[in-house]
file data_23.txt (compact mmCIF, C-alpha atoms and all ligand atoms)
# COMPACT_ATOMS: atom_id res chain seq x y z
CA MET A 1 9.16 -1.12 -18.35
CA ASN A 2 10.95 -4.41 -18.89
CA THR A 3 8.09 -6.57 -20.21
CA GLU A 4 7.67 -9.24 -22.83
CA GLN A 5 4.27 -10.11 -24.27
CA THR A 6 3.35 -13.44 -25.85
CA THR A 7 0.24 -15.48 -26.55
CA LEU A 8 -0.24 -19.07 -25.42
CA LYS A 9 -2.86 -21.36 -26.86
CA ILE A 10 -4.24 -23.72 -24.22
CA ASN A 11 -6.90 -26.05 -25.60
CA GLU A 12 -9.04 -23.58 -27.57
CA LEU A 13 -8.25 -20.73 -25.22
CA GLU A 14 -5.94 -17.87 -26.14
CA VAL A 15 -4.04 -16.57 -23.16
CA SER A 16 -2.06 -13.41 -23.36
CA VAL A 17 1.09 -13.59 -21.24
CA VAL A 18 3.15 -10.69 -20.02
CA ARG A 19 6.45 -11.41 -18.33
CA LYS A 20 7.72 -8.77 -16.00
CA PRO A 21 9.78 -8.34 -12.87
CA ILE A 22 7.16 -9.47 -10.36
CA LYS A 23 7.26 -12.16 -7.69
CA HIS A 24 4.05 -14.10 -8.31
CA LEU A 25 2.06 -15.24 -11.26
CA HIS A 26 -1.22 -13.40 -11.64
CA LEU A 27 -4.09 -14.68 -13.74
CA GLY A 28 -7.09 -12.55 -14.65
CA VAL A 29 -10.22 -12.73 -16.80
CA TYR A 30 -11.26 -9.33 -18.10
CA PRO A 31 -14.48 -7.75 -19.29
CA PRO A 32 -16.15 -7.28 -21.60
CA ASP A 33 -15.22 -10.34 -23.66
CA GLY A 34 -13.55 -12.52 -21.04
CA LYS A 35 -9.99 -12.22 -22.30
CA VAL A 36 -7.53 -14.19 -20.20
CA ARG A 37 -4.30 -12.48 -19.23
CA VAL A 38 -1.40 -13.79 -17.21
CA ALA A 39 1.28 -11.64 -15.65
CA ALA A 40 4.22 -13.88 -14.85
CA PRO A 41 7.63 -13.45 -13.28
CA VAL A 42 10.32 -13.22 -15.94
CA HIS A 43 11.83 -16.65 -15.37
CA ILE A 44 8.66 -18.77 -15.36
CA ASP A 45 8.38 -21.05 -18.40
CA ASP A 46 5.36 -21.64 -20.64
CA GLU A 47 4.67 -25.07 -19.16
CA THR A 48 4.26 -23.65 -15.65
CA ILE A 49 1.87 -21.02 -17.00
CA ARG A 50 -0.07 -23.72 -18.87
CA LEU A 51 -0.50 -25.69 -15.65
CA ALA A 52 -1.58 -22.60 -13.72
CA VAL A 53 -4.24 -21.87 -16.34
CA ILE A 54 -5.50 -25.46 -16.38
CA ALA A 55 -5.67 -25.50 -12.58
CA ARG A 56 -8.13 -22.60 -12.72
CA TRP A 57 -9.96 -23.76 -15.82
CA SER A 58 -13.48 -23.95 -14.38
CA TRP A 59 -13.07 -20.60 -12.64
CA ILE A 60 -11.97 -19.03 -15.93
CA ARG A 61 -14.98 -20.49 -17.75
CA LYS A 62 -17.32 -19.22 -15.07
CA GLN A 63 -15.90 -15.69 -15.37
CA GLN A 64 -16.23 -15.79 -19.14
CA GLN A 65 -19.85 -16.90 -18.94
CA ARG A 66 -20.55 -13.99 -16.63
CA PHE A 67 -19.07 -11.53 -19.09
CA GLN A 68 -21.10 -13.06 -21.91
CA GLU A 69 -24.17 -12.49 -19.79
CA GLN A 70 -23.13 -8.86 -19.36
CA GLU A 71 -22.58 -8.56 -23.09
CA ARG A 72 -26.10 -9.84 -23.78
CA GLN A 73 -27.26 -7.33 -21.24
CA SER A 74 -25.91 -4.54 -23.45
CA GLN A 75 -27.73 -5.73 -26.60
CA ARG A 76 -31.25 -5.01 -25.46
CA GLU A 77 -34.28 -4.51 -27.65
CA MET A 78 -35.32 -1.47 -25.63
CA VAL A 79 -38.86 -2.62 -24.98
CA THR A 80 -41.10 -2.39 -21.93
CA GLY A 81 -40.19 -4.82 -19.17
CA GLU A 82 -36.44 -5.00 -19.80
CA SER A 83 -34.03 -4.33 -16.95
CA HIS A 84 -31.63 -1.45 -17.37
CA TYR A 85 -29.02 -0.25 -14.94
CA PHE A 86 -28.22 3.26 -13.82
CA LEU A 87 -25.77 4.15 -11.03
CA GLY A 88 -25.84 0.62 -9.70
CA ARG A 89 -29.59 0.28 -9.53
CA ARG A 90 -31.85 -1.78 -11.69
CA TYR A 91 -34.78 -0.13 -13.45
CA ARG A 92 -37.62 -1.56 -15.44
CA LEU A 93 -37.86 0.08 -18.82
CA ASP A 94 -41.21 1.53 -19.81
CA LEU A 95 -41.36 2.42 -23.48
CA VAL A 96 -43.91 5.14 -24.23
CA GLU A 97 -44.65 6.12 -27.80
CA GLN A 98 -45.73 9.73 -28.11
CA PRO A 99 -45.15 12.62 -30.51
CA GLY A 100 -42.53 15.21 -29.66
CA PRO A 101 -38.87 15.05 -28.72
CA PRO A 102 -37.54 11.89 -27.01
CA ARG A 103 -37.48 12.08 -23.26
CA ILE A 104 -36.16 9.91 -20.45
CA ARG A 105 -37.15 10.12 -16.83
CA ILE A 106 -37.01 8.01 -13.72
CA ARG A 107 -40.45 7.32 -12.32
CA ASN A 108 -41.22 6.06 -8.81
CA ALA A 109 -37.63 4.88 -8.19
CA HIS A 110 -37.98 1.66 -10.19
CA THR A 111 -39.01 2.70 -13.67
CA LEU A 112 -36.96 4.20 -16.45
CA GLU A 113 -39.44 5.80 -18.79
CA LEU A 114 -38.32 6.21 -22.38
CA ALA A 115 -40.68 8.34 -24.43
CA VAL A 116 -40.06 8.36 -28.18
CA PRO A 117 -42.04 9.33 -31.28
CA PRO A 118 -43.95 6.38 -32.79
CA GLY A 119 -41.81 4.41 -35.25
CA THR A 120 -38.47 4.97 -33.49
CA ASP A 121 -36.58 1.69 -33.95
CA ALA A 122 -34.54 -0.21 -31.35
CA ALA A 123 -31.19 1.17 -32.54
CA ALA A 124 -32.46 4.74 -32.29
CA ARG A 125 -33.95 4.01 -28.86
CA ARG A 126 -30.59 2.65 -27.71
CA ALA A 127 -28.86 5.78 -29.04
CA ILE A 128 -31.30 7.99 -27.11
CA LEU A 129 -30.61 6.09 -23.90
CA ASP A 130 -26.83 6.26 -24.53
CA ARG A 131 -27.00 10.04 -24.97
CA TRP A 132 -28.91 10.30 -21.71
CA TYR A 133 -26.41 8.02 -19.97
CA ARG A 134 -23.56 10.15 -21.27
CA ARG A 135 -25.14 13.35 -19.95
CA GLN A 136 -25.75 11.76 -16.55
CA LEU A 137 -22.18 10.50 -16.28
CA ARG A 138 -20.79 13.82 -17.48
CA ALA A 139 -22.79 15.63 -14.79
CA LEU A 140 -21.13 13.61 -12.00
CA LEU A 141 -17.57 14.38 -13.01
CA PRO A 142 -16.92 18.03 -12.05
CA ALA A 143 -17.65 17.38 -8.37
CA LEU A 144 -15.43 14.30 -8.38
CA LEU A 145 -12.56 16.20 -9.99
CA GLN A 146 -12.96 19.02 -7.51
CA LYS A 147 -12.82 16.53 -4.68
CA TRP A 148 -9.84 14.51 -5.90
CA GLU A 149 -7.49 16.92 -7.66
CA PRO A 150 -6.30 18.53 -4.41
CA VAL A 151 -6.12 15.18 -2.62
CA ILE A 152 -4.01 13.47 -5.28
CA GLY A 153 -2.20 16.66 -6.20
CA VAL A 154 -2.70 16.42 -9.96
CA GLN A 155 -4.66 18.30 -12.58
CA VAL A 156 -6.71 16.59 -15.22
CA ARG A 157 -6.58 18.63 -18.38
CA GLU A 158 -9.23 16.68 -20.25
CA LEU A 159 -11.79 14.19 -19.05
CA ARG A 160 -13.77 12.43 -21.74
CA ILE A 161 -16.31 9.66 -22.00
CA LYS A 162 -16.44 6.98 -24.65
CA LYS A 163 -17.60 3.42 -25.19
CA MET A 164 -14.72 1.06 -24.67
CA LYS A 165 -14.53 -2.67 -25.16
CA THR A 166 -11.83 -3.72 -22.72
CA ARG A 167 -11.27 -1.01 -20.14
CA TRP A 168 -13.14 1.02 -17.59
CA GLY A 169 -10.80 3.93 -18.11
CA THR A 170 -7.55 4.97 -19.71
CA CYS A 171 -5.06 7.68 -19.01
CA ASN A 172 -2.62 9.55 -21.18
CA ALA A 173 -0.27 10.89 -18.53
CA GLU A 174 1.65 13.23 -20.83
CA ALA A 175 -1.48 15.00 -21.98
CA ALA A 176 -3.13 14.65 -18.53
CA ARG A 177 -6.10 13.25 -20.43
CA ILE A 178 -8.44 10.64 -18.98
CA TRP A 179 -11.11 8.63 -20.77
CA LEU A 180 -13.89 6.91 -18.88
CA ASN A 181 -16.01 4.09 -20.26
CA LEU A 182 -19.64 5.09 -20.78
CA GLU A 183 -20.65 1.73 -19.27
CA LEU A 184 -19.55 3.05 -15.87
CA VAL A 185 -22.82 4.98 -15.63
CA LYS A 186 -24.51 1.63 -14.92
CA LYS A 187 -22.31 1.05 -11.89
CA PRO A 188 -22.64 2.39 -8.35
CA PRO A 189 -21.23 5.93 -7.97
CA GLN A 190 -18.44 4.75 -5.67
CA CYS A 191 -17.20 2.46 -8.48
CA ILE A 192 -17.15 5.39 -10.92
CA GLU A 193 -15.15 7.30 -8.35
CA TYR A 194 -12.74 4.39 -7.97
CA VAL A 195 -12.01 4.27 -11.72
CA LEU A 196 -11.47 8.01 -11.84
CA VAL A 197 -9.09 7.91 -8.86
CA HIS A 198 -7.23 4.97 -10.43
CA GLU A 199 -6.73 6.90 -13.67
CA MET A 200 -5.76 10.07 -11.80
CA VAL A 201 -3.13 8.13 -9.85
CA HIS A 202 -1.65 7.21 -13.24
CA LEU A 203 -0.73 10.89 -13.52
CA LEU A 204 1.66 10.19 -10.63
CA GLU A 205 2.71 6.68 -11.61
CA ARG A 206 2.18 5.09 -15.01
CA SER A 207 2.44 1.41 -14.22
CA HIS A 208 0.61 -0.76 -11.73
CA ASN A 209 3.65 -1.21 -9.54
CA GLU A 210 4.09 -1.08 -5.78
CA ARG A 211 4.25 2.69 -5.82
CA PHE A 212 0.93 2.83 -7.64
CA VAL A 213 -0.68 0.44 -5.15
CA ALA A 214 0.71 2.48 -2.25
CA PHE A 215 -0.94 5.62 -3.67
CA MET A 216 -4.25 3.77 -4.06
CA ASP A 217 -4.02 2.45 -0.50
CA ARG A 218 -3.43 5.95 0.76
CA PHE A 219 -6.10 7.79 -1.26
CA LEU A 220 -8.82 5.14 -1.41
CA PRO A 221 -8.08 2.37 1.11
CA GLN A 222 -11.18 0.35 0.12
CA TRP A 223 -10.24 0.32 -3.58
CA ARG A 224 -10.01 -3.49 -3.79
CA LEU A 225 -13.63 -3.88 -2.70
CA LEU A 226 -14.70 -1.27 -5.22
CA ARG A 227 -12.77 -3.02 -7.98
CA ASP A 228 -14.47 -6.33 -7.17
CA GLU A 229 -17.86 -4.68 -7.07
CA LEU A 230 -17.16 -3.03 -10.41
CA ASN A 231 -16.38 -6.32 -12.09
CA ARG A 232 -19.39 -8.13 -10.76
CA ALA A 233 -22.16 -8.86 -13.28
CA PRO A 234 -25.08 -6.42 -13.18
CA LEU A 235 -27.40 -9.31 -12.38
CA ALA A 236 -25.34 -10.20 -9.33
CA HIS A 237 -25.86 -6.96 -7.51
CA ALA A 238 -29.52 -6.48 -8.40
CA ALA A 239 -30.51 -8.28 -5.21
CA TRP A 240 -28.72 -6.22 -2.60
CA LYS A 241 -29.77 -2.84 -3.88
CA TYR A 242 -33.44 -3.13 -2.97
ZN ZN A 301 -4.39 1.44 -14.65

call {"tool": "encode", "arguments": {"input": "data_23.txt", "output": "structure tokens", "more": "lines below"}}
Ligand SMILES: [Zn+2]
result
Amino acid sequence: MNTEQTTLKINELEVSVVRKPIKHLHLGVYPPDGKVRVAAPVHIDDETIRLAVIARWSWIRKQQQRFQEQERQSQREMVTGESHYFLGRRYRLDLVEQPGPPRIRIRNAHTLELAVPPGTDAAARRAILDRWYRRQLRALLPALLQKWEPVIGVQVRELRIKKMKTRWGTCNAEAARIWLNLELVKKPPQCIEYVLVHEMVHLLERSHNERFVAFMDRFLPQWRLLRDELNRAPLAHAAWKY
């Protein structure tokens, strides 16, 4: 595609700017580290972009603070009383030290019990939870693929999970390979489904152009709501779940 990427420094803020054949300037702040990106029509000059960024300065800062909060959320000590998220719900961690293999279970709908041998440190406890998260996310995927492959009319050759810093998912269209971010397991199932559908649509259309949006509107008409829900801080949706 006909795009040009540059970086603008505005006050202490680095803004990555992509110019492409679009009609309107679009400004976004992206998780996990609050990177600011502007997509601008080809003929818009730097000064106009600078003004657009300054006009939304306090909004940008607010978004960045939210992502920092989310980042703190991911560096937990893994001790009793902490909140942890699974499929969009908040659980209170209960750390139990007992001999034998580590074990995780959900108790009475609000408690995530993590049983580990005495002396297991925080990093090892985090790794145990991550492995469990990965298994849980992995278990959801076959049914989703089965549902969506015939609808979208594509075949995913490989579907993998990894920790990613800046994206919920990626797609290599040539290899028909999709990666999903492990962090998705903390989000409501419909958000996981949205990311998968988005990446699967990339097998039909690589860029986020009008054709891509038309596919999304057809397959998953409520995708904008799901996207907004996905990018909300975990703390923000704790209240409406229960
Ligand atoms: Zn995409």

call {"tool": "residues_near_ligand", "arguments": {"input": "data_23.txt", "ligand": "ligand ZN 301 (chain A)", "cutoff": "9 Å", "atoms": "all atoms listed in the file", "output": "list of chain:residue names"}}
result
A:Gly169, A:Thr170, A:Cys171, A:Val195, A:His198, A:Glu199, A:Val201, A:His202, A:Arg206, A:Ser207, A:His208, A:Phe212

call {"tool": "atom_distance", "arguments": {"input": "data_23.txt", "atom1": "CA of Gln98 (chain A)", "atom2": "CA of Glu183 (chain A)"}}
result
27.8 Å

call {"tool": "closest_residue", "arguments": {"input": "data_23.txt", "among": "A:His43, A:Arg218, A:Lys9, A:His110", "to": "Gly81 (chain A)", "atoms": "only C-alpha atoms"}}
result
A:His110

call {"tool": "atom_distance", "arguments": {"input": "data_23.txt", "atom1": "CA of Ala52 (chain A)", "atom2": "CA of Asp33 (chain A)"}}
result
20.9 Å

call {"tool": "closest_residue", "arguments": {"input": "data_23.txt", "among": "A:Leu51, A:Leu95, A:Leu129, A:Met216", "to": "Pro117 (chain A)", "atoms": "all atoms listed in the file"}}
result
A:Leu95

call {"tool": "residues_around", "arguments": {"input": "data_23.txt", "residues": "Asp130 (chain A)", "least_positions_apart": "6", "cutoff": "12 Å", "atoms": "only C-alpha atoms", "output": "list in words"}}
result
Ser74, Met78, His84, Tyr85, Phe86, Ile104, Leu114, Ala123, Ala124, Gln136, Leu137, Arg138, Ile161, Lys162, Lys163, Asn181, Leu182, Glu183, Leu184, Val185 and Lys186 of chain A

call {"tool": "closest_residue", "arguments": {"input": "data_23.txt", "among": "A:Leu93, A:Ala176, A:Val197, A:Ala214", "to": "Val151 (chain A)", "atoms": "all atoms listed in the file"}}
result
A:Val197

call {"tool": "residues_near_point", "arguments": {"input": "data_23.txt", "point": "(8.2, -11.2, -6.8)", "cutoff": "12 Å", "atoms": "all atoms listed in the file", "output": "list in words"}}
result
Arg19, Lys20, Pro21, Ile22, Lys23, His24, Leu25, His26, Ala39, Ala40, Pro41, Val42, His43, Ile44, Asn209 and Glu210 of chain A

call {"tool": "closest_residue", "arguments": {"input": "data_23.txt", "among": "A:Glu158, A:Asn172, A:Leu196, A:Pro31", "to": "Glu69 (chain A)", "atoms": "all atoms listed in the file"}}
result
A:Pro31

call {"tool": "atom_distance", "arguments": {"input": "data_23.txt", "atom1": "CA of Ala115 (chain A)", "atom2": "CA of Glu77 (chain A)"}}
result
14.7 Å
